[in-house]
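What follows is a short report on a single structure.
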Amino acid sequence: NKRIDILWNFCFSIFNEWFLKFRYPGFEPTGMIETKLGKIPSSFSLMNIGKMFSYYIGGGWGNDLETDPYTRAAYVIRGADFTSAEVFDTSCPLRFHKLANMSCRTLKPMDIVFEISGGTEDVPVGRSVLVTHDFLKRFDHPVIPASFCKLIRPNQLVVNPIYLYFWLRFLHSSRIVDQFQIQSTGIINF
């Protein structure tokens, strides 16, 4: 777990250097241009985040027991499972789902699961986890996001899913996501 934590921190440090401070390999000859968000490398462009998604949908919860029409078994990953999922823990609950609900929510490699509800004053919503081949191989059934999460399938022609994932992590860890939260009935929503 310590090694995994060190590697994740190393990856996040590289992301910060390359994409927030714009000190990536070969950055010196690249010119900077002024945008409404500040200076960015001339080879970069600004884009609405929605254009980075090829598909997105809210999660599901299903039933405890297999009963008609809840006949399809799938694990459900919740925001509370994200940290353990990154260190290869498979403690996500196994639930039963309708075929139609499961077929449009089954996670694939390079999907991102994004938490949209829950959180606390100390931990804002907006946590995310990147789904990898290794992550999915740990389960003996498909995996879907929980109802308080969204499945985000990045448009890989527009954005690298790993870059988008680290950008979402940066927004969460820097608490920039706080400005997009609302609280109603004791639950924080994104």
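Identifiers in the structure tokens: chain A, B, ... in order shown; residue index from 1 per chain; ligand index from 1 in order shown.
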
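Excluding A:Ile144 itself and same-chain residues fewer than 4 positions from it, the residues having an atom within 6 Å of it are Val76, Arg105, Thr106 and Leu107 of chain A, counting only C-alpha atoms.
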
Please save all heavy atoms of the selected residues as a CSV table (one decimal), in the first residue's frame.
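Just written: result-v3.csv:
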chain,number,residue,atom,x,y,z
A,76,VAL,N,-21.1,-3.0,-7.2
A,76,VAL,CA,-21.4,-1.5,-7.2
A,76,VAL,C,-20.3,-0.8,-6.5
A,76,VAL,O,-20.0,-1.0,-5.3
A,76,VAL,CB,-22.8,-1.3,-6.5
A,76,VAL,CG1,-23.1,0.2,-6.5
A,76,VAL,CG2,-23.9,-2.0,-7.2
A,105,ARG,N,-24.6,0.7,-17.8
A,105,ARG,CA,-23.8,1.2,-16.7
A,105,ARG,C,-22.6,0.4,-16.5
A,105,ARG,O,-21.8,0.7,-15.6
A,105,ARG,CB,-24.6,1.3,-15.4
A,105,ARG,CG,-25.7,2.4,-15.5
A,105,ARG,CD,-26.6,2.4,-14.3
A,105,ARG,NE,-27.5,3.5,-14.3
A,105,ARG,CZ,-28.6,3.6,-15.0
A,105,ARG,NH1,-28.9,2.6,-15.8
A,105,ARG,NH2,-29.3,4.7,-15.0
A,106,THR,N,-22.4,-0.7,-17.2
A,106,THR,CA,-21.2,-1.6,-16.9
A,106,THR,C,-20.0,-0.9,-17.3
A,106,THR,O,-19.8,-0.3,-18.4
A,106,THR,CB,-21.4,-2.9,-17.7
A,106,THR,OG1,-22.6,-3.6,-17.3
A,106,THR,CG2,-20.2,-3.8,-17.5
A,107,LEU,N,-19.0,-0.9,-16.3
A,107,LEU,CA,-17.8,-0.2,-16.5
A,107,LEU,C,-16.8,-0.9,-17.5
A,107,LEU,O,-16.8,-2.1,-17.5
A,107,LEU,CB,-17.1,0.0,-15.2
A,107,LEU,CG,-17.8,0.9,-14.1
A,107,LEU,CD1,-17.1,0.9,-12.8
A,107,LEU,CD2,-18.0,2.3,-14.6

Determine, using only C-alpha atoms, which residues of stretch 40-97 of chain A have any atom at most 8 Å from an atom of stretch 128-141 of chain A, and tabulate each with its shortest atom pair and distance in Å to one decimal place, rows ordered by chain and then rising number, as a tab-separated table.
residue	atom	partner	partner_atom	distance
A:Ala73	CA	A:His141	CA	6.5
A:Ala74	CA	A:His141	CA	5.3
A:Tyr75	CA	A:His141	CA	6.6
A:Gly79	CA	A:Ser128	CA	7.5
A:Phe82	CA	A:Val129	CA	5.8
A:Ala85	CA	A:Phe135	CA	7.5
A:Glu86	CA	A:Val129	CA	7.4
A:Phe88	CA	A:Phe135	CA	7.1
A:Thr90	CA	A:Arg138	CA	6.9

Mind dumping the selected residues with N, CA and C atoms as a CSV table (one decimal), in the first residue's frame?
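Produced file selection-v5.csv, reproduced below:
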chain,number,residue,atom,x,y,z
A,73,ALA,N,-26.2,-10.0,-11.7
A,73,ALA,CA,-25.3,-9.7,-10.6
A,73,ALA,C,-24.3,-8.8,-11.1
A,74,ALA,N,-24.0,-7.8,-10.3
A,74,ALA,CA,-22.9,-6.8,-10.6
A,74,ALA,C,-22.4,-6.2,-9.3
A,75,TYR,N,-21.2,-5.9,-9.2
A,75,TYR,CA,-20.6,-5.2,-8.1
A,75,TYR,C,-21.0,-3.7,-8.3
A,79,GLY,N,-18.5,6.0,-3.8
A,79,GLY,CA,-17.4,6.9,-3.5
A,79,GLY,C,-16.6,6.5,-2.3
A,82,PHE,N,-13.6,4.2,-3.4
A,82,PHE,CA,-12.6,4.7,-4.3
A,82,PHE,C,-11.2,4.5,-3.8
A,85,ALA,N,-10.3,0.8,-3.7
A,85,ALA,CA,-10.2,0.3,-5.1
A,85,ALA,C,-8.9,0.6,-5.7
A,86,GLU,N,-8.3,1.7,-5.4
A,86,GLU,CA,-7.0,2.1,-6.0
A,86,GLU,C,-5.9,1.2,-5.4
A,88,PHE,N,-6.3,-2.0,-4.7
A,88,PHE,CA,-6.6,-3.4,-5.0
A,88,PHE,C,-7.5,-4.1,-4.0
A,90,THR,N,-11.2,-5.3,-3.0
A,90,THR,CA,-12.5,-5.5,-3.8
A,90,THR,C,-13.7,-5.6,-2.9

Distance criterion (only C-alpha atoms): nearest to A:Ser103 out of A:Ile116, A:Val143, A:Val159, A:Leu65: A:Val143

Sorted per-residue table, stretch 111-173 of chain A near stretch 19-27 of chain A, closest atoms and distance, 12 Å, only C-alpha atoms, as JSON lines:
{"residue": "A:Tyr163", "atom": "CA", "partner": "A:Phe19", "partner_atom": "CA", "distance": 8.6}
{"residue": "A:Leu164", "atom": "CA", "partner": "A:Phe19", "partner_atom": "CA", "distance": 10.7}
{"residue": "A:Phe166", "atom": "CA", "partner": "A:Phe19", "partner_atom": "CA", "distance": 9.7}
{"residue": "A:Trp167", "atom": "CA", "partner": "A:Phe19", "partner_atom": "CA", "distance": 8.6}
{"residue": "A:Phe170", "atom": "CA", "partner": "A:Leu20", "partner_atom": "CA", "distance": 9.4}
{"residue": "A:Leu171", "atom": "CA", "partner": "A:Leu20", "partner_atom": "CA", "distance": 11.3}

Mind checking which residues fall within 7 Å of A:Tyr165, counting only C-alpha atoms, ignoring those fewer than 4 positions away in the same chain, and posting them as a PDB file with N, CA and C atoms, in the first residue's frame?
ATOM      1  N   ILE A 112     -14.234   6.590 -16.065  1.00  0.00           N
ATOM      2  CA  ILE A 112     -14.007   7.278 -14.794  1.00  0.00           C
ATOM      3  C   ILE A 112     -15.323   7.244 -14.035  1.00  0.00           C
ATOM      4  N   LEU A 130     -10.240   5.976 -11.621  1.00  0.00           N
ATOM      5  CA  LEU A 130     -10.029   5.546 -13.001  1.00  0.00           C
ATOM      6  C   LEU A 130     -10.170   4.029 -13.069  1.00  0.00           C
ATOM      7  N   PRO A 161      -7.895   9.791 -21.213  1.00  0.00           N
ATOM      8  CA  PRO A 161      -8.625   9.525 -19.970  1.00  0.00           C
ATOM      9  C   PRO A 161      -7.774   9.686 -18.712  1.00  0.00           C
ATOM     10  N   ARG A 169      -8.947  14.799 -10.178  1.00  0.00           N
ATOM     11  CA  ARG A 169      -8.333  14.647  -8.843  1.00  0.00           C
ATOM     12  C   ARG A 169      -7.776  15.978  -8.350  1.00  0.00           C
TER      13      ARG A 169
END

Do a neighbour search on A:Ser147 at 6 Å with only C-alpha atoms, toss out local chain neighbours closer than 6 positions, and write the hits as number ranges by chain. A: 59-61

For atom CA of A:Met32 and atom CA of A:Phe15, quote the distance in Å rounded to one decimal. 18.5 Å

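One finds atom CA of A:Ile162 at 10.2 Å from atom CA of A:Cys11.
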
Assign secondary structure with DSSP using the backbone only, and return the residues of stretch 35-125 of chain A in helix (DSSP H, G or I) as JSON, numbers by chain. {"A": [49, 50, 51, 52, 79, 80, 81, 82, 83, 84, 85, 86, 99, 100, 101, 102, 103]}

Of the residues A:Leu37, A:Ile14, A:Ala146, A:Val123, which is the one nearest to A:Cys92, using only C-alpha atoms? A:Ala146

As a check of understanding: the span from atom CA of A:Ser117 to atom CA of A:Lys2 is 28.9 Å

What lies within 9 Å of A:Ser173 using only C-alpha atoms, ignoring chain neighbours under 5 positions off, as a CSV table (one decimal) with N, CA, C and O atoms, in the first residue's frame?
chain,number,residue,atom,x,y,z
A,124,PRO,N,-15.1,17.1,0.2
A,124,PRO,CA,-16.1,17.5,-0.7
A,124,PRO,C,-16.4,16.4,-1.7
A,124,PRO,O,-15.7,15.4,-1.9
A,127,ARG,N,-14.9,13.2,-5.8
A,127,ARG,CA,-13.9,12.2,-5.8
A,127,ARG,C,-14.0,11.4,-7.1
A,127,ARG,O,-15.2,11.3,-7.6
A,168,LEU,N,-9.4,15.8,-12.7
A,168,LEU,CA,-10.5,15.8,-11.8
A,168,LEU,C,-10.0,15.6,-10.3
A,168,LEU,O,-10.5,16.2,-9.4
